[in-house]
$ cat input23.csv   # CSV, C-alpha atoms
chain,number,residue,atom,x,y,z
Y,1,MET,CA,-0.6,18.5,-12.4
Y,2,ASN,CA,-1.6,16.5,-15.4
Y,3,THR,CA,-2.7,12.9,-14.7
Y,4,THR,CA,-4.0,11.9,-18.1
Y,5,SER,CA,-1.7,8.9,-18.3
Y,6,LEU,CA,-0.3,6.5,-15.8
Y,7,GLY,CA,2.7,4.1,-16.0
Y,8,PHE,CA,3.3,1.2,-13.7
Y,9,ILE,CA,6.7,-0.4,-13.6
Y,10,GLY,CA,5.8,-3.7,-11.9
Y,11,GLY,CA,2.5,-5.4,-12.6
Y,12,GLY,CA,2.0,-7.3,-9.4
Y,13,ARG,CA,-0.3,-7.0,-6.4
Y,14,VAL,CA,0.3,-3.3,-5.8
Y,15,ALA,CA,-0.7,-2.4,-9.3
Y,16,LEU,CA,-3.9,-4.4,-9.0
Y,17,ILE,CA,-4.7,-2.7,-5.7
Y,18,LEU,CA,-4.2,0.8,-7.0
Y,19,LEU,CA,-5.9,0.3,-10.3
Y,20,SER,CA,-8.9,-1.3,-8.6
Y,21,ALA,CA,-9.1,1.7,-6.2
Y,22,LEU,CA,-9.0,4.1,-9.1
Y,23,GLU,CA,-11.7,2.2,-11.0
Y,24,LYS,CA,-13.9,2.0,-7.9
Y,25,ASN,CA,-13.5,5.8,-7.5
Y,26,GLY,CA,-14.4,6.4,-11.1
Y,27,SER,CA,-11.0,8.1,-11.7
Y,28,LEU,CA,-9.2,5.4,-13.7
Y,29,PRO,CA,-7.4,7.2,-16.6
Y,30,SER,CA,-7.9,6.0,-20.1
Y,31,ASP,CA,-4.2,5.8,-20.9
Y,32,ILE,CA,-2.4,3.3,-18.7
Y,33,VAL,CA,0.8,1.4,-19.5
Y,34,VAL,CA,2.0,-1.5,-17.2
Y,35,SER,CA,5.3,-3.2,-17.7
Y,36,ASP,CA,6.7,-6.2,-16.0
Y,37,MET,CA,9.4,-8.8,-16.7
Y,38,ASN,CA,6.9,-11.6,-16.4
Y,39,GLU,CA,3.9,-12.2,-18.7
Y,40,ALA,CA,1.7,-13.9,-16.1
Y,41,PRO,CA,0.9,-10.8,-13.9
Y,42,LEU,CA,0.4,-8.7,-17.0
Y,43,ALA,CA,-2.1,-11.2,-18.4
Y,44,ALA,CA,-4.0,-11.2,-15.2
Y,45,LEU,CA,-4.1,-7.4,-15.1
Y,46,LYS,CA,-5.1,-7.2,-18.8
Y,47,GLN,CA,-8.0,-9.6,-18.1
Y,48,ARG,CA,-9.1,-7.5,-15.1
Y,49,PHE,CA,-8.6,-4.1,-16.9
Y,50,PRO,CA,-9.0,-4.7,-20.6
Y,51,SER,CA,-8.2,-1.0,-21.5
Y,52,ILE,CA,-4.7,-1.0,-20.2
Y,53,ARG,CA,-1.6,-1.6,-22.3
Y,54,THR,CA,0.8,-4.2,-21.0
Y,55,ILE,CA,4.5,-4.6,-22.0
Y,56,ALA,CA,6.6,-7.5,-21.0
Y,57,GLY,CA,10.4,-7.1,-20.7
Y,58,GLY,CA,10.6,-3.3,-21.4
Y,59,ASN,CA,9.9,-0.3,-19.2
Y,60,VAL,CA,10.5,2.6,-21.4
Y,61,GLN,CA,6.9,3.2,-22.4
Y,62,ALA,CA,5.6,2.9,-18.9
Y,63,ALA,CA,8.3,5.3,-17.7
Y,64,GLY,CA,7.1,7.9,-20.3
Y,65,GLN,CA,3.7,8.7,-18.7
Y,66,ASP,CA,2.5,11.6,-16.7
Y,67,VAL,CA,2.6,9.7,-13.4
Y,68,VAL,CA,4.9,6.7,-13.1
Y,69,PHE,CA,4.4,4.3,-10.2
Y,70,VAL,CA,7.4,2.2,-9.4
Y,71,ALA,CA,6.3,-1.1,-7.8
Y,72,LEU,CA,9.4,-3.1,-7.7
Y,73,HIS,CA,11.2,-5.2,-5.1
Y,74,PRO,CA,14.0,-3.0,-3.8
Y,75,PRO,CA,16.9,-5.3,-4.8
Y,76,THR,CA,15.9,-5.0,-8.4
Y,77,ALA,CA,15.3,-1.3,-8.4
Y,78,GLY,CA,18.7,0.0,-9.2
Y,79,GLU,CA,19.1,-1.7,-12.5
Y,80,VAL,CA,15.6,-0.9,-13.6
Y,81,LEU,CA,15.6,2.7,-12.6
Y,82,LYS,CA,18.9,3.4,-14.3
Y,83,GLY,CA,17.5,1.8,-17.4
Y,84,ILE,CA,14.5,4.2,-17.6
Y,85,SER,CA,16.4,7.4,-16.6
Y,86,GLY,CA,16.3,8.8,-20.1
Y,87,ALA,CA,12.6,7.9,-20.6
Y,88,VAL,CA,11.1,9.8,-17.7
Y,89,ARG,CA,9.8,13.2,-18.8
Y,90,ARG,CA,11.0,16.3,-16.9
Y,91,ASP,CA,7.5,17.3,-16.0
Y,92,ALA,CA,6.4,13.8,-14.9
Y,93,VAL,CA,6.0,12.6,-11.3
Y,94,VAL,CA,7.6,9.3,-10.2
Y,95,VAL,CA,5.8,7.7,-7.3
Y,96,SER,CA,8.0,5.1,-5.6
Y,97,LEU,CA,6.0,2.4,-3.7
Y,98,MET,CA,9.1,0.8,-2.3
Y,99,PRO,CA,10.5,0.8,1.2
Y,100,LYS,CA,14.2,1.1,2.0
Y,101,ILE,CA,15.2,3.2,-1.0
Y,102,THR,CA,15.2,6.9,-0.3
Y,103,ALA,CA,14.1,9.6,-2.6
Y,104,ALA,CA,17.7,10.8,-2.9
Y,105,GLN,CA,18.8,7.4,-3.9
Y,106,ILE,CA,16.1,7.1,-6.4
Y,107,SER,CA,17.0,10.5,-7.8
Y,108,GLY,CA,20.6,9.3,-8.2
Y,109,MET,CA,19.4,6.2,-10.1
Y,110,LEU,CA,17.3,8.5,-12.4
Y,111,GLY,CA,20.2,10.8,-13.3
Y,112,GLY,CA,19.2,13.6,-10.9
Y,113,PHE,CA,15.4,13.6,-11.6
Y,114,SER,CA,13.9,15.1,-8.5
Y,115,ARG,CA,10.1,15.0,-8.9
Y,116,ILE,CA,9.9,11.9,-6.7
Y,117,VAL,CA,7.1,11.0,-4.3
Y,118,ARG,CA,7.3,8.1,-2.0
Y,119,MET,CA,4.2,6.2,-0.8
Y,120,ILE,CA,3.8,3.1,1.3
Y,121,PRO,CA,0.3,1.8,0.3
Y,122,ASN,CA,-1.6,-0.9,2.1
Y,123,ALA,CA,-4.0,-3.6,0.8
Y,124,PRO,CA,-7.2,-1.9,2.0
Y,125,ALA,CA,-6.6,0.7,-0.6
Y,126,ILE,CA,-8.2,-1.8,-3.0
Y,127,SER,CA,-11.6,-0.7,-1.6
Y,128,GLY,CA,-10.6,2.9,-1.1
Y,129,ASN,CA,-10.0,2.3,2.6
Y,130,GLY,CA,-6.2,2.3,2.7
Y,131,PHE,CA,-3.7,4.0,4.9
Y,132,ASN,CA,-1.0,5.1,2.6
Y,133,PRO,CA,1.7,7.5,4.1
Y,134,VAL,CA,3.2,9.9,1.5
Y,135,VAL,CA,6.4,11.9,1.3
Y,136,TYR,CA,6.4,14.8,-1.3
Y,137,PRO,CA,9.5,16.4,-2.7
Y,138,SER,CA,10.4,19.8,-1.2
Y,139,GLY,CA,10.3,21.4,-4.6
Y,140,PHE,CA,6.6,20.7,-5.2
Y,141,SER,CA,4.3,23.8,-5.2
Y,142,ALA,CA,1.2,23.8,-3.1
Y,143,ASP,CA,-0.9,23.4,-6.2
Y,144,GLU,CA,1.1,20.4,-7.4
Y,145,LYS,CA,0.9,18.7,-4.0
Y,146,GLY,CA,-2.8,19.4,-3.7
Y,147,ALA,CA,-3.6,18.0,-7.2
Y,148,LEU,CA,-1.6,14.8,-6.4
Y,149,ALA,CA,-3.2,14.5,-3.0
Y,150,ARG,CA,-6.7,14.7,-4.6
Y,151,PHE,CA,-5.7,12.0,-7.0
Y,152,PHE,CA,-4.3,9.8,-4.2
Y,153,ALA,CA,-7.6,10.2,-2.3
Y,154,ALA,CA,-9.0,7.2,-4.3
Y,155,PHE,CA,-6.7,5.0,-2.3
Y,156,GLY,CA,-8.0,6.2,1.1
Y,157,ALA,CA,-6.1,8.2,3.7
Y,158,CYS,CA,-2.8,9.4,2.5
Y,159,PRO,CA,-1.2,11.5,5.3
Y,160,GLU,CA,2.0,13.3,4.6
Y,161,VAL,CA,4.8,12.0,6.9
Y,162,ALA,CA,8.5,12.3,7.4
Y,163,GLU,CA,10.5,10.1,5.0
Y,164,GLU,CA,12.5,8.5,7.8
Y,165,ARG,CA,9.3,7.0,9.2
Y,166,LEU,CA,8.2,5.2,6.0
Y,167,GLU,CA,9.8,1.9,6.9
Y,168,ALA,CA,8.0,1.9,10.3
Y,169,TYR,CA,4.8,2.4,8.4
Y,170,ALA,CA,5.8,-0.4,6.0
Y,171,VAL,CA,5.9,-2.8,9.0
Y,172,ILE,CA,2.9,-1.5,10.9
Y,173,THR,CA,0.4,-0.4,8.2
Y,174,ALA,CA,1.5,-2.0,4.9
Y,175,MET,CA,2.1,-5.5,6.4
Y,176,GLY,CA,-0.3,-5.0,9.4
Y,177,PRO,CA,-3.4,-6.5,7.8
Y,178,THR,CA,-1.6,-9.8,7.6
Y,179,TYR,CA,-1.3,-9.9,11.3
Y,180,LEU,CA,-5.1,-9.7,11.7
Y,181,TRP,CA,-6.8,-11.2,8.7
Y,182,PHE,CA,-6.1,-14.8,9.3
Y,183,GLN,CA,-7.5,-14.5,12.9
Y,184,LEU,CA,-10.6,-12.7,11.7
Y,185,TYR,CA,-11.3,-15.2,9.0
Y,186,GLU,CA,-10.8,-18.0,11.5
Y,187,LEU,CA,-13.4,-16.4,13.8
Y,188,GLU,CA,-15.8,-16.3,10.9
Y,189,ALA,CA,-15.2,-20.0,10.2
Y,190,LEU,CA,-15.7,-20.9,13.8
Y,191,ALA,CA,-18.9,-18.8,13.9
Y,192,ARG,CA,-20.3,-20.8,11.0
Y,193,SER,CA,-19.3,-24.0,12.7
Y,194,PHE,CA,-21.3,-22.8,15.7
Y,195,GLY,CA,-24.4,-22.5,13.6
Y,196,MET,CA,-24.4,-19.0,12.3
Y,197,THR,CA,-25.2,-18.4,8.6
Y,198,GLU,CA,-22.4,-17.0,6.4
Y,199,GLN,CA,-24.0,-13.5,6.6
Y,200,GLU,CA,-24.4,-13.7,10.3
Y,201,ALA,CA,-20.8,-14.8,10.8
Y,202,SER,CA,-19.5,-12.0,8.6
Y,203,GLU,CA,-21.6,-9.3,10.2
Y,204,ALA,CA,-20.7,-10.5,13.7
Y,205,VAL,CA,-17.0,-10.6,13.2
Y,206,ARG,CA,-16.7,-7.4,11.2
Y,207,SER,CA,-18.9,-5.4,13.6
Y,208,MET,CA,-17.0,-6.8,16.5
Y,209,ALA,CA,-13.7,-5.8,15.0
Y,210,GLN,CA,-14.9,-2.3,14.1
Y,211,GLY,CA,-16.4,-1.8,17.5
Y,212,ALA,CA,-13.1,-3.0,19.2
Y,213,LEU,CA,-11.1,-0.4,17.2
Y,214,GLU,CA,-13.6,2.3,18.0
Y,215,THR,CA,-13.4,1.4,21.7
Y,216,MET,CA,-9.6,1.9,21.6
Y,217,THR,CA,-9.9,5.4,20.3
Y,218,ARG,CA,-13.2,6.7,21.7
Y,219,ALA,CA,-13.8,5.1,25.1
Y,220,GLY,CA,-11.4,7.5,26.9
Y,221,LEU,CA,-9.7,4.6,28.7
Y,222,PRO,CA,-6.1,3.6,28.9
Y,223,PRO,CA,-5.1,0.3,27.1
Y,224,GLU,CA,-5.1,-1.8,30.3
Y,225,LYS,CA,-8.7,-0.6,31.1
Y,226,VAL,CA,-9.9,-1.3,27.6
Y,227,MET,CA,-8.5,-4.8,27.7
Y,228,ASP,CA,-10.1,-5.4,31.1
Y,229,LEU,CA,-13.7,-4.6,29.8
Y,230,VAL,CA,-14.2,-8.3,29.0
Y,231,PRO,CA,-13.7,-10.5,32.1
Y,232,VAL,CA,-13.4,-13.8,30.2
Y,233,LYS,CA,-10.3,-14.2,28.1
Y,234,PRO,CA,-10.3,-17.6,26.3
Y,235,LEU,CA,-6.9,-17.0,24.7
Y,236,GLY,CA,-5.4,-15.4,27.8
Y,237,GLU,CA,-2.9,-18.2,28.2
Y,238,SER,CA,-1.7,-17.7,24.6
Y,239,GLU,CA,-1.2,-14.0,24.8
Y,240,THR,CA,2.4,-14.3,26.0
Y,241,ALA,CA,3.3,-16.5,23.0
Y,242,ILE,CA,1.5,-14.2,20.6
Y,243,LEU,CA,3.2,-11.1,22.0
Y,244,ALA,CA,6.6,-12.8,21.8
Y,245,ALA,CA,6.0,-13.5,18.1
Y,246,TYR,CA,5.3,-9.8,17.5
Y,247,ARG,CA,8.3,-8.7,19.6
Y,248,GLU,CA,10.7,-11.1,17.9
Y,249,LYS,CA,9.6,-10.8,14.3
Y,250,LEU,CA,8.6,-7.2,13.8
Y,251,PRO,CA,11.6,-5.4,15.2
Y,252,ALA,CA,13.9,-7.6,13.1
Y,253,LEU,CA,11.8,-6.9,10.0
Y,254,TYR,CA,12.0,-3.2,10.7
Y,255,ALA,CA,15.8,-3.4,11.1
Y,256,LYS,CA,16.0,-5.2,7.8
Y,257,GLN,CA,13.9,-2.5,6.1
Y,258,LYS,CA,16.1,0.3,7.5
Y,259,ASN,CA,19.4,-1.3,6.5

$ encode --input "input23.csv" --output "structure tokens"
Amino acid sequence: MNTTSLGFIGGGRVALILLSALEKNGSLPSDIVVSDMNEAPLAALKQRFPSIRTIAGGNVQAAGQDVVFVALHPPTAGEVLKGISGAVRRDAVVVSLMPKITAAQISGMLGGFSRIVRMIPNAPAISGNGFNPVVYPSGFSADEKGALARFFAAFGACPEVAEERLEAYAVITAMGPTYLWFQLYELEALARSFGMTEQEASEAVRSMAQGALETMTRAGLPPEKVMDLVPVKPLGESETAILAAYREKLPALYAKQKN
């Protein structure tokens, strides 16, 4: 598979995340075209990655590259994809980063084009530590799939999954960092207020969080035993409210993604 050029249709956060990952990995292609309807995100990307070409208001050039990432909000996808159906090369690969819209639906919008990969990236991909589930088209050869998987490795783990599970991953892994980051940053702030230096606070919280995750998977204990390892639970009285927020908000969000 040829990956000498990349196109991004949509120049927002996801484009920044994936371009940053490729740069960090040393695999950023020299030929990259990014299109968006708005000038502001393109200007920000151009400042961050001076070598890219940016185009406001037209997607044809971005759609004509070897690998075309589609980073759009699902409600806008239909009109945009129909508008580029004649620009996508027959040997290209279109990588949809959108939830909700299936590969079959995207193919219909692109006039029957079938070389469509779906990926649900998450923000830690920016540092090469993402969890980015992927669905490959059935018509891909083993060599094509392998080449693309090696390219995706710059983003972190990219497991192949069933397409019908992508929306579940969108809620759990793509949006998941937002459920945790504000709490971890607040712990760092509190640690500093308790007298730790910035470095001490950062190391303490990040090491604690990493250790907590490792304990979940490596201690050989069921969840209730893991959570009982620490006898003092300062937020114990708040757990019910926190769990209620998870159980109210996330199933509703998942249902919205699937409909």

$ closest_residue --input "input23.csv" --among "Y:Val230, Y:Leu72, Y:Ile52, Y:Ala170" --to "Y:Asp36" --atoms "only C-alpha atoms"
Y:Leu72

$ atom_distance --input "input23.csv" --atom1 "atom CA of Y:Ser127" --atom2 "atom CA of Y:Ala21"
5.8 Å

$ atom_distance --input "input23.csv" --atom1 "atom CA of Y:Ile116" --atom2 "atom CA of Y:Val135"
8.7 Å

$ residues_around --input "input23.csv" --residues "Y:Gly11" --least-positions-apart "3" --cutoff "7 Å" --atoms "all atoms listed in the file" --output "PyMOL selection string"
chain Y and resi 8+15+34-36+41-42

$ atom_distance --input "input23.csv" --atom1 "atom CA of Y:Gly111" --atom2 "atom CA of Y:Phe140"
18.7 Å

$ build_atoms --input "input23.csv" --residues "stretch 204-224 of chain Y" --atoms "N, CA and C atoms" --output "CSV table (one decimal), keeping the file's coordinate frame"
chain,number,residue,atom,x,y,z
Y,204,ALA,N,-21.2,-10.5,12.3
Y,204,ALA,CA,-20.7,-10.5,13.7
Y,204,ALA,C,-19.3,-10.2,13.9
Y,205,VAL,N,-18.4,-10.8,13.1
Y,205,VAL,CA,-17.0,-10.6,13.2
Y,205,VAL,C,-16.6,-9.2,12.8
Y,206,ARG,N,-17.1,-8.7,11.7
Y,206,ARG,CA,-16.7,-7.4,11.2
Y,206,ARG,C,-17.2,-6.3,12.1
Y,207,SER,N,-18.4,-6.4,12.6
Y,207,SER,CA,-18.9,-5.4,13.6
Y,207,SER,C,-18.2,-5.5,14.9
Y,208,MET,N,-17.8,-6.7,15.3
Y,208,MET,CA,-17.0,-6.8,16.5
Y,208,MET,C,-15.7,-6.1,16.4
Y,209,ALA,N,-15.0,-6.4,15.2
Y,209,ALA,CA,-13.7,-5.8,15.0
Y,209,ALA,C,-13.8,-4.3,14.9
Y,210,GLN,N,-14.8,-3.8,14.2
Y,210,GLN,CA,-14.9,-2.3,14.1
Y,210,GLN,C,-15.2,-1.7,15.4
Y,211,GLY,N,-16.0,-2.3,16.2
Y,211,GLY,CA,-16.4,-1.8,17.5
Y,211,GLY,C,-15.2,-1.8,18.5
Y,212,ALA,N,-14.3,-2.9,18.4
Y,212,ALA,CA,-13.1,-3.0,19.2
Y,212,ALA,C,-12.2,-1.9,18.9
Y,213,LEU,N,-12.0,-1.5,17.6
Y,213,LEU,CA,-11.1,-0.4,17.2
Y,213,LEU,C,-11.7,0.9,17.7
Y,214,GLU,N,-13.0,1.1,17.6
Y,214,GLU,CA,-13.6,2.3,18.0
Y,214,GLU,C,-13.4,2.5,19.5
Y,215,THR,N,-13.5,1.4,20.3
Y,215,THR,CA,-13.4,1.4,21.7
Y,215,THR,C,-12.0,1.9,22.1
Y,216,MET,N,-11.0,1.4,21.3
Y,216,MET,CA,-9.6,1.9,21.6
Y,216,MET,C,-9.4,3.4,21.5
Y,217,THR,N,-10.2,4.0,20.6
Y,217,THR,CA,-9.9,5.4,20.3
Y,217,THR,C,-11.0,6.3,21.0
Y,218,ARG,N,-12.1,5.8,21.3
Y,218,ARG,CA,-13.2,6.7,21.7
Y,218,ARG,C,-13.7,6.5,23.2
Y,219,ALA,N,-13.3,5.4,23.8
Y,219,ALA,CA,-13.8,5.1,25.1
Y,219,ALA,C,-13.2,6.0,26.2
Y,220,GLY,N,-12.1,6.6,25.9
Y,220,GLY,CA,-11.4,7.5,26.9
Y,220,GLY,C,-10.7,6.7,28.0
Y,221,LEU,N,-10.3,5.5,27.7
Y,221,LEU,CA,-9.7,4.6,28.7
Y,221,LEU,C,-8.3,4.2,28.3
Y,222,PRO,N,-7.4,4.0,29.2
Y,222,PRO,CA,-6.1,3.6,28.9
Y,222,PRO,C,-6.1,2.1,28.4
Y,223,PRO,N,-5.1,1.6,27.7
Y,223,PRO,CA,-5.1,0.3,27.1
Y,223,PRO,C,-5.5,-0.8,28.1
Y,224,GLU,N,-4.9,-0.7,29.3
Y,224,GLU,CA,-5.1,-1.8,30.3
Y,224,GLU,C,-6.6,-1.9,30.7
